[in-house]
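Shown next: protein_21.cif, given as mmCIF, C-alpha atoms and all ligand atoms.
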```cif
data_input
#
loop_
_atom_site.label_atom_id
_atom_site.label_comp_id
_atom_site.auth_asym_id
_atom_site.auth_seq_id
_atom_site.Cartn_x
_atom_site.Cartn_y
_atom_site.Cartn_z
CA ASP A 385 0.00 0.00 0.00
CA PRO A 386 1.80 3.12 -1.16
CA TYR A 387 -0.56 5.54 0.61
CA PRO A 388 -1.48 4.37 4.10
CA VAL A 389 -2.69 7.14 6.41
CA THR A 390 -1.35 7.51 9.96
CA ASP A 391 -3.08 9.42 12.70
CA PRO A 392 -0.38 11.68 14.16
CA LYS A 393 -1.87 11.72 17.63
CA THR A 394 -2.16 7.97 18.20
CA GLY A 395 0.23 6.58 15.58
CA VAL A 396 -2.50 4.29 14.26
CA THR A 397 -2.33 3.52 10.55
CA PHE A 398 -5.11 2.88 8.05
CA PRO A 399 -4.66 1.24 4.64
CA SER A 400 -5.78 3.44 1.76
CA VAL A 401 -7.95 0.67 0.34
CA LEU A 402 -9.86 -2.18 2.02
CA GLY A 403 -10.75 -5.27 0.03
CA ASP A 404 -10.34 -4.44 -3.64
CA SER A 405 -12.37 -1.33 -3.89
CA ARG A 406 -13.23 0.39 -0.64
CA ARG A 407 -11.37 3.65 -0.66
CA LEU A 408 -10.35 5.52 2.51
CA LEU A 409 -12.19 8.86 2.66
CA GLY A 410 -10.98 10.12 6.04
CA ILE A 411 -9.92 9.25 9.56
CA GLY A 412 -10.83 10.63 12.95
CA LEU A 413 -10.79 10.14 16.67
CA ARG A 414 -13.61 9.04 18.97
CA ARG A 415 -13.16 10.62 22.35
CA LYS A 416 -15.38 10.25 25.34
CA CYS A 417 -15.83 12.43 28.33
CA VAL A 418 -15.83 10.37 31.51
CA MET A 419 -17.29 11.57 34.79
CA GLY A 420 -17.81 14.98 33.25
CA LEU A 421 -14.12 15.80 33.52
CA LYS A 422 -11.60 14.17 31.34
CA ASN A 423 -11.65 13.11 27.75
CA ILE A 424 -10.24 9.75 26.88
CA ASP A 425 -9.25 8.64 23.40
CA VAL A 426 -11.31 5.50 22.79
CA TYR A 427 -10.58 4.61 19.17
CA THR A 428 -9.46 6.02 15.87
CA PHE A 429 -11.70 5.37 12.92
CA GLY A 430 -11.41 5.30 9.15
CA VAL A 431 -14.37 5.67 6.82
CA TYR A 432 -14.26 3.74 3.54
CA ALA A 433 -16.65 3.57 0.61
CA ASP A 434 -16.72 1.44 -2.51
CA ILE A 435 -15.38 3.47 -5.38
CA GLY A 436 -17.42 1.60 -8.01
CA ASP A 437 -20.62 2.20 -6.08
CA ILE A 438 -19.72 5.86 -5.60
CA ASN A 439 -19.36 6.36 -9.29
CA LYS A 440 -22.45 4.41 -10.12
CA VAL A 441 -24.75 6.03 -7.58
CA LEU A 442 -23.31 9.50 -7.04
CA GLY A 443 -21.60 9.84 -10.42
CA GLU A 444 -24.94 9.61 -12.17
CA LYS A 445 -26.41 12.38 -10.11
CA TYR A 446 -23.44 14.70 -9.68
CA GLY A 447 -21.05 13.78 -12.46
CA LYS A 448 -22.05 16.69 -14.67
CA ALA A 449 -22.02 19.32 -11.93
CA SER A 450 -18.97 21.48 -11.30
CA ALA A 451 -17.33 21.30 -7.88
CA SER A 452 -18.83 24.61 -6.81
CA GLU A 453 -22.33 23.43 -7.68
CA ILE A 454 -22.18 20.36 -5.50
CA GLU A 455 -23.48 20.82 -2.00
CA ASN A 456 -21.42 18.67 0.34
CA LYS A 457 -24.44 18.21 2.55
CA ASP A 458 -26.45 16.60 -0.27
CA LEU A 459 -23.52 14.38 -1.16
CA ILE A 460 -23.13 13.06 2.37
CA ASP A 461 -26.88 12.59 2.79
CA ASP A 462 -26.99 10.60 -0.43
CA LEU A 463 -24.03 8.52 0.68
CA MET A 464 -25.80 7.65 3.94
CA GLU A 465 -29.20 6.95 2.38
CA SER A 466 -27.93 4.93 -0.58
CA ASP A 467 -26.79 1.34 -0.51
CA ILE A 468 -23.20 2.18 -1.39
CA CYS A 469 -21.02 -0.44 0.31
CA MET A 470 -19.03 1.12 3.13
CA THR A 471 -16.83 0.19 6.06
CA VAL A 472 -16.08 2.11 9.21
CA ARG A 473 -12.93 0.63 10.73
CA LEU A 474 -12.39 1.21 14.44
CA GLN A 475 -8.94 0.68 15.94
CA ILE A 476 -9.10 0.60 19.70
CA VAL A 477 -6.70 2.91 21.52
CA TYR A 478 -8.12 2.81 25.02
CA GLY A 479 -6.53 0.03 27.02
CA ARG A 480 -9.36 -0.99 29.32
CA LEU A 481 -12.41 -1.30 27.16
CA SER A 482 -15.01 -3.63 28.59
CA ILE A 483 -18.16 -4.97 27.02
CA ARG A 484 -20.10 -3.08 29.61
CA SER A 485 -18.69 0.24 28.38
CA VAL A 486 -19.33 -0.72 24.76
CA ARG A 487 -22.91 -1.56 25.58
CA SER A 488 -23.59 1.66 27.42
CA ALA A 489 -21.82 3.78 24.81
CA PHE A 490 -23.83 2.02 22.13
CA ALA A 491 -27.09 2.62 23.95
CA GLU A 492 -26.23 6.28 24.22
CA SER A 493 -24.77 7.09 20.81
CA VAL A 494 -26.45 4.60 18.50
CA GLY A 495 -29.59 4.40 20.65
CA ASN A 496 -30.03 8.13 20.21
CA ARG A 497 -29.88 7.79 16.41
CA LEU A 498 -32.14 4.75 16.31
CA GLN A 499 -34.75 6.88 18.01
CA LYS A 500 -34.10 9.86 15.80
CA PHE A 501 -34.47 7.90 12.57
CA GLY A 502 -36.76 5.09 13.59
CA GLY A 503 -38.98 6.31 16.39
CA SER A 504 -38.86 5.20 19.96
CA ASP A 505 -40.90 2.03 19.61
CA SER A 506 -38.78 0.33 16.97
CA THR A 507 -38.45 -3.36 17.73
CA ASP A 508 -34.94 -3.30 16.27
CA ASN A 509 -33.61 -2.01 19.53
CA LYS A 510 -34.74 -4.91 21.66
CA GLU A 511 -33.71 -7.51 19.11
CA LEU A 512 -30.30 -5.93 18.84
CA LEU A 513 -29.78 -5.89 22.53
CA GLN A 514 -30.74 -9.55 22.70
CA TRP A 515 -28.43 -10.47 19.89
CA PHE A 516 -25.57 -8.50 21.41
CA THR A 517 -26.07 -10.03 24.81
CA SER A 518 -26.03 -13.50 23.32
CA GLN A 519 -22.74 -12.77 21.54
CA PHE A 520 -20.73 -11.02 24.18
CA LYS A 521 -20.51 -11.83 27.84
CA ASP A 522 -19.60 -9.09 30.22
CA GLU A 523 -16.22 -10.66 30.91
CA PHE A 524 -15.20 -10.31 27.26
CA LYS A 525 -12.49 -7.62 26.92
CA ILE A 526 -11.57 -5.67 23.85
CA PRO A 527 -7.82 -5.14 23.96
CA GLN A 528 -5.98 -2.11 22.71
CA GLY A 529 -5.09 -2.59 19.06
CA SER A 530 -8.26 -4.54 18.25
CA ILE A 531 -9.71 -3.77 14.85
CA ILE A 532 -13.47 -3.68 14.54
CA ASP A 533 -14.96 -3.34 11.07
CA LEU A 534 -18.55 -2.20 10.79
CA SER A 535 -19.51 -2.78 7.17
CA ARG A 536 -22.61 -1.93 5.24
CA GLU A 537 -22.94 -4.61 2.60
CA GLN A 538 -25.52 -4.91 -0.16
CA ASP A 539 -29.16 -4.62 0.93
CA HIS A 540 -28.22 -2.81 4.13
CA VAL A 541 -26.67 -5.77 5.84
CA LEU A 542 -24.45 -4.63 8.69
CA ARG A 543 -21.54 -7.02 9.07
CA THR A 544 -19.29 -6.76 12.09
CA THR A 545 -15.83 -8.29 12.32
CA ILE A 546 -13.31 -8.17 15.12
CA ASP A 547 -9.71 -8.71 13.99
CA GLY A 548 -10.98 -10.16 10.75
CA LYS A 549 -13.33 -12.65 12.37
CA GLU A 550 -17.01 -12.23 11.65
CA VAL A 551 -19.02 -11.80 14.84
CA GLY A 552 -22.39 -10.90 13.49
CA SER A 553 -24.43 -9.82 10.57
CA ILE A 554 -27.83 -8.21 10.63
CA GLN A 555 -30.04 -6.66 7.97
CA SER A 556 -31.24 -3.28 9.08
CA LYS A 557 -31.30 -0.11 7.07
CA LEU A 558 -32.05 1.78 10.26
CA LEU A 559 -29.03 0.42 12.10
CA CYS A 560 -26.69 1.04 9.16
CA ARG A 561 -27.96 4.59 8.85
CA SER A 562 -27.67 5.17 12.59
CA ILE A 563 -24.09 3.94 12.79
CA LEU A 564 -22.95 5.98 9.79
CA ASP A 565 -24.58 9.03 11.32
CA LEU A 566 -22.11 8.88 14.22
CA TYR A 567 -19.25 9.54 11.83
CA ILE A 568 -20.70 11.58 8.97
CA GLY A 569 -24.07 12.81 10.23
CA ASP A 570 -25.11 16.21 11.57
CA ASP A 571 -23.39 15.87 14.93
CA PRO A 572 -20.36 13.70 14.21
CA PHE A 573 -17.76 12.49 16.71
CA ASP A 574 -15.00 14.32 14.87
CA ARG A 575 -15.94 17.35 12.76
CA ARG A 576 -12.63 17.67 11.01
CA ALA A 577 -12.85 14.04 9.92
CA LYS A 578 -16.26 14.64 8.44
CA GLU A 579 -14.95 17.64 6.48
CA ASP A 580 -12.12 15.54 5.05
CA ILE A 581 -14.56 12.83 4.11
CA GLU A 582 -16.78 15.34 2.28
CA LEU A 583 -13.86 16.76 0.33
CA ASN A 584 -12.46 13.38 -0.60
CA LEU A 585 -15.85 12.06 -1.58
CA ALA A 586 -16.45 15.02 -3.88
CA SER A 587 -13.06 14.50 -5.50
CA CYS A 588 -13.71 10.78 -6.02
CA ILE A 589 -16.64 11.41 -8.31
CA GLN A 590 -15.40 10.98 -11.81
CA LYS A 591 -15.89 13.76 -14.26
O1 LIG B 601 -14.07 2.51 31.37
O2 LIG B 601 -15.90 3.53 31.77
C1 LIG B 601 -14.87 3.42 31.18
C2 LIG B 601 -14.58 4.44 30.17
C3 LIG B 601 -14.60 3.86 28.83
C4 LIG B 601 -15.66 4.42 28.00
C5 LIG B 601 -15.50 4.10 26.58
C6 LIG B 601 -16.76 3.97 25.91
C7 LIG B 601 -16.75 4.06 24.42
C8 LIG B 601 -17.00 2.76 23.81
C9 LIG B 601 -17.25 2.66 22.36
C10 LIG B 601 -16.57 1.44 21.85
C11 LIG B 601 -16.98 0.91 20.60
C12 LIG B 601 -16.21 -0.26 20.14
O1 LIG B 602 -18.52 4.89 19.56
O2 LIG B 602 -20.30 5.21 20.67
C1 LIG B 602 -19.67 4.57 19.84
C2 LIG B 602 -20.37 3.41 19.24
C3 LIG B 602 -19.69 2.78 18.14
C4 LIG B 602 -20.42 1.62 17.52
C5 LIG B 602 -20.23 0.43 18.33
C6 LIG B 602 -20.32 -0.82 17.62
C7 LIG B 602 -20.00 -1.93 18.50
C8 LIG B 602 -19.41 -3.06 17.81
C9 LIG B 602 -19.54 -4.29 18.55
C10 LIG B 602 -18.30 -4.96 18.83
C11 LIG B 602 -18.32 -5.52 20.14
C12 LIG B 602 -17.26 -6.14 20.73
O1 LIG B 603 -30.04 -0.57 25.00
O2 LIG B 603 -30.70 0.77 23.44
C1 LIG B 603 -30.11 -0.24 23.83
C2 LIG B 603 -29.47 -1.06 22.81
C3 LIG B 603 -28.13 -1.52 23.25
C4 LIG B 603 -27.67 -2.52 22.31
C5 LIG B 603 -26.23 -2.82 22.44
C6 LIG B 603 -25.86 -3.54 21.26
C7 LIG B 603 -24.52 -3.26 20.71
C8 LIG B 603 -24.53 -3.89 19.40
C9 LIG B 603 -23.47 -3.63 18.46
C10 LIG B 603 -23.94 -4.10 17.17
C11 LIG B 603 -23.02 -3.99 16.07
C12 LIG B 603 -23.42 -4.92 15.02
#
```
Translate the structure of the given file into structure tokens.
Amino acid sequence: DPYPVTDPKTGVTFPSVLGDSRRLLGIGLRRKCVMGLKNIDVYTFGVYADIGDINKVLGEKYGKASASEIENKDLIDDLMESDICMTVRLQIVYGRLSIRSVRSAFAESVGNRLQKFGGSDSTDNKELLQWFTSQFKDEFKIPQGSIIDLSREQDHVLRTTIDGKEVGSIQSKLLCRSILDLYIGDDPFDRRAKEDIELNLASCIQK
């Protein structure tokens, strides 16, 4: 890989391409405020999207527009709503991540989006929690350096792998949309990362 990208703060590196065709659009840092005082660095993330899908889906709509005519907001919204294959790769930096923290962070961050996009009485939430609980016992630890890939595959299947091993796969447009929203939605974890992603996405669209 001639163009891997390294996060200067954590030293974590992301390949420029995943699989054959998922192109890295940007990287960022997920921090979390604990006990209302200090921020800890939890993981770095890289957002990837399939370049063929980008050109097929977004190229058709935006290919003829000049750069100044394209609204980045529309582009990102289309990316999230479409079924363009994507991966968000998380590389864990925090050294003491427990399943309990993952579960409560998930309930807070993703739970908030599930409600926003799906309404509070979506059954998805309960099913997810059940599935998650059946997969991961509280004693399970996620060591520093672990790589978690959250991938949106065709037909809005969310596939999760930890260090390359598949741990679960679930078809839910709502869940895919909610997870992507954490990274490229209106209130993203890392604003600068989202800006990079917008710029790189716009420049990926073939003229
Ligand atoms: O130990 O209570 C603690 C602080 C850790 C909080 C980290 C939560 C963020 C978890 C998101 C992980 C997703 C893989
Ligand atoms: O950072 O708040 C957050 C949530 C990130 C999404 C969490 C996905 C959890 C993946 C499950 C792997 C469990 C070991
Ligand atoms: O309590 O609102 C809730 C839901 C918590 C569910 C925790 C599930 C974490 C699942 C990660 C799934 C990634 C495929």
Item to check | Site check for ligand LIG 601 (chain B): residues at most 9 Å away, all atoms listed in the file, as a PyMOL selection string | outcome: chain A and resi 414-419+424-427+474-476+478+480-490+493+526+532
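Those DNA, RNA and protein residues that approach the point (-24.8, -6.4, 2.4) to within 9 Å, considering all atoms listed in the file, are Asp467, Cys469, Ser535, Arg536, Glu537, Gln538, Asp539, His540, Val541, Leu542, Arg543, Ser553, Ile554 and Gln555 of chain A.
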Item to check | Selection within 9 Å of ligand LIG 603 (chain B) by only C-alpha atoms and all ligand atoms, output as a PyMOL selection string | outcome: chain A and resi 486-492+494-496+498+508-517+534+542-545+551-554+559-560+563
Item to check | Counting only C-alpha atoms, the option among A:Lys393, A:Met464, A:Ser556, A:Asp385 closest to Gly502 in chain A | outcome: A:Ser556
Item to check | Test item: residues at most 10 Å from Glu455 in chain A, all atoms listed in the file, excluding those fewer than 3 positions along its chain, as a count of residues only | outcome: 8
Next on the checklist: One decimal, in Å: what's the spacing between CA of Ser400 in chain A and CA of Gly548 in chain A?
Outcome noted: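 So the answer is 17.1 Å.
Straight-line separation from CA of Lys549 in chain A to CA of Arg561 in chain A: 22.9 Å.
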Checklist entry - Could you name the residues that touch Lys448 in chain A at 12 Å or less, counting all atoms listed in the file, but leaving out those on the same chain fewer than 4 positions away, as a ChimeraX atom specification? => result /A:439,442-444,452-454,589-591
Checklist entry - Looking at all atoms listed in the file, which of A:Met470, A:Phe398, A:Asp461, A:Gly430 is the one that sits closest to Gly569 in chain A? => result A:Asp461
Item to check | Computed interatomic separation between CA of Glu523 in chain A and CA of Asn423 in chain A (Å) | outcome: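 Distance between the two atoms: 24.4 Å.
You can rank A:Ala449, A:Leu566, A:Ile411, A:Ile468 by their closest distance to ligand LIG 602 (chain B) using all atoms listed in the file, and at the top of that list sits A:Leu566.
By chain and then residue number, the residues within 9 Å of Gly436 in chain A are Ser405, Arg406, Lys440, Val441 and Ile468 of chain A, counting all atoms listed in the file and disregarding those fewer than 4 positions away in sequence.
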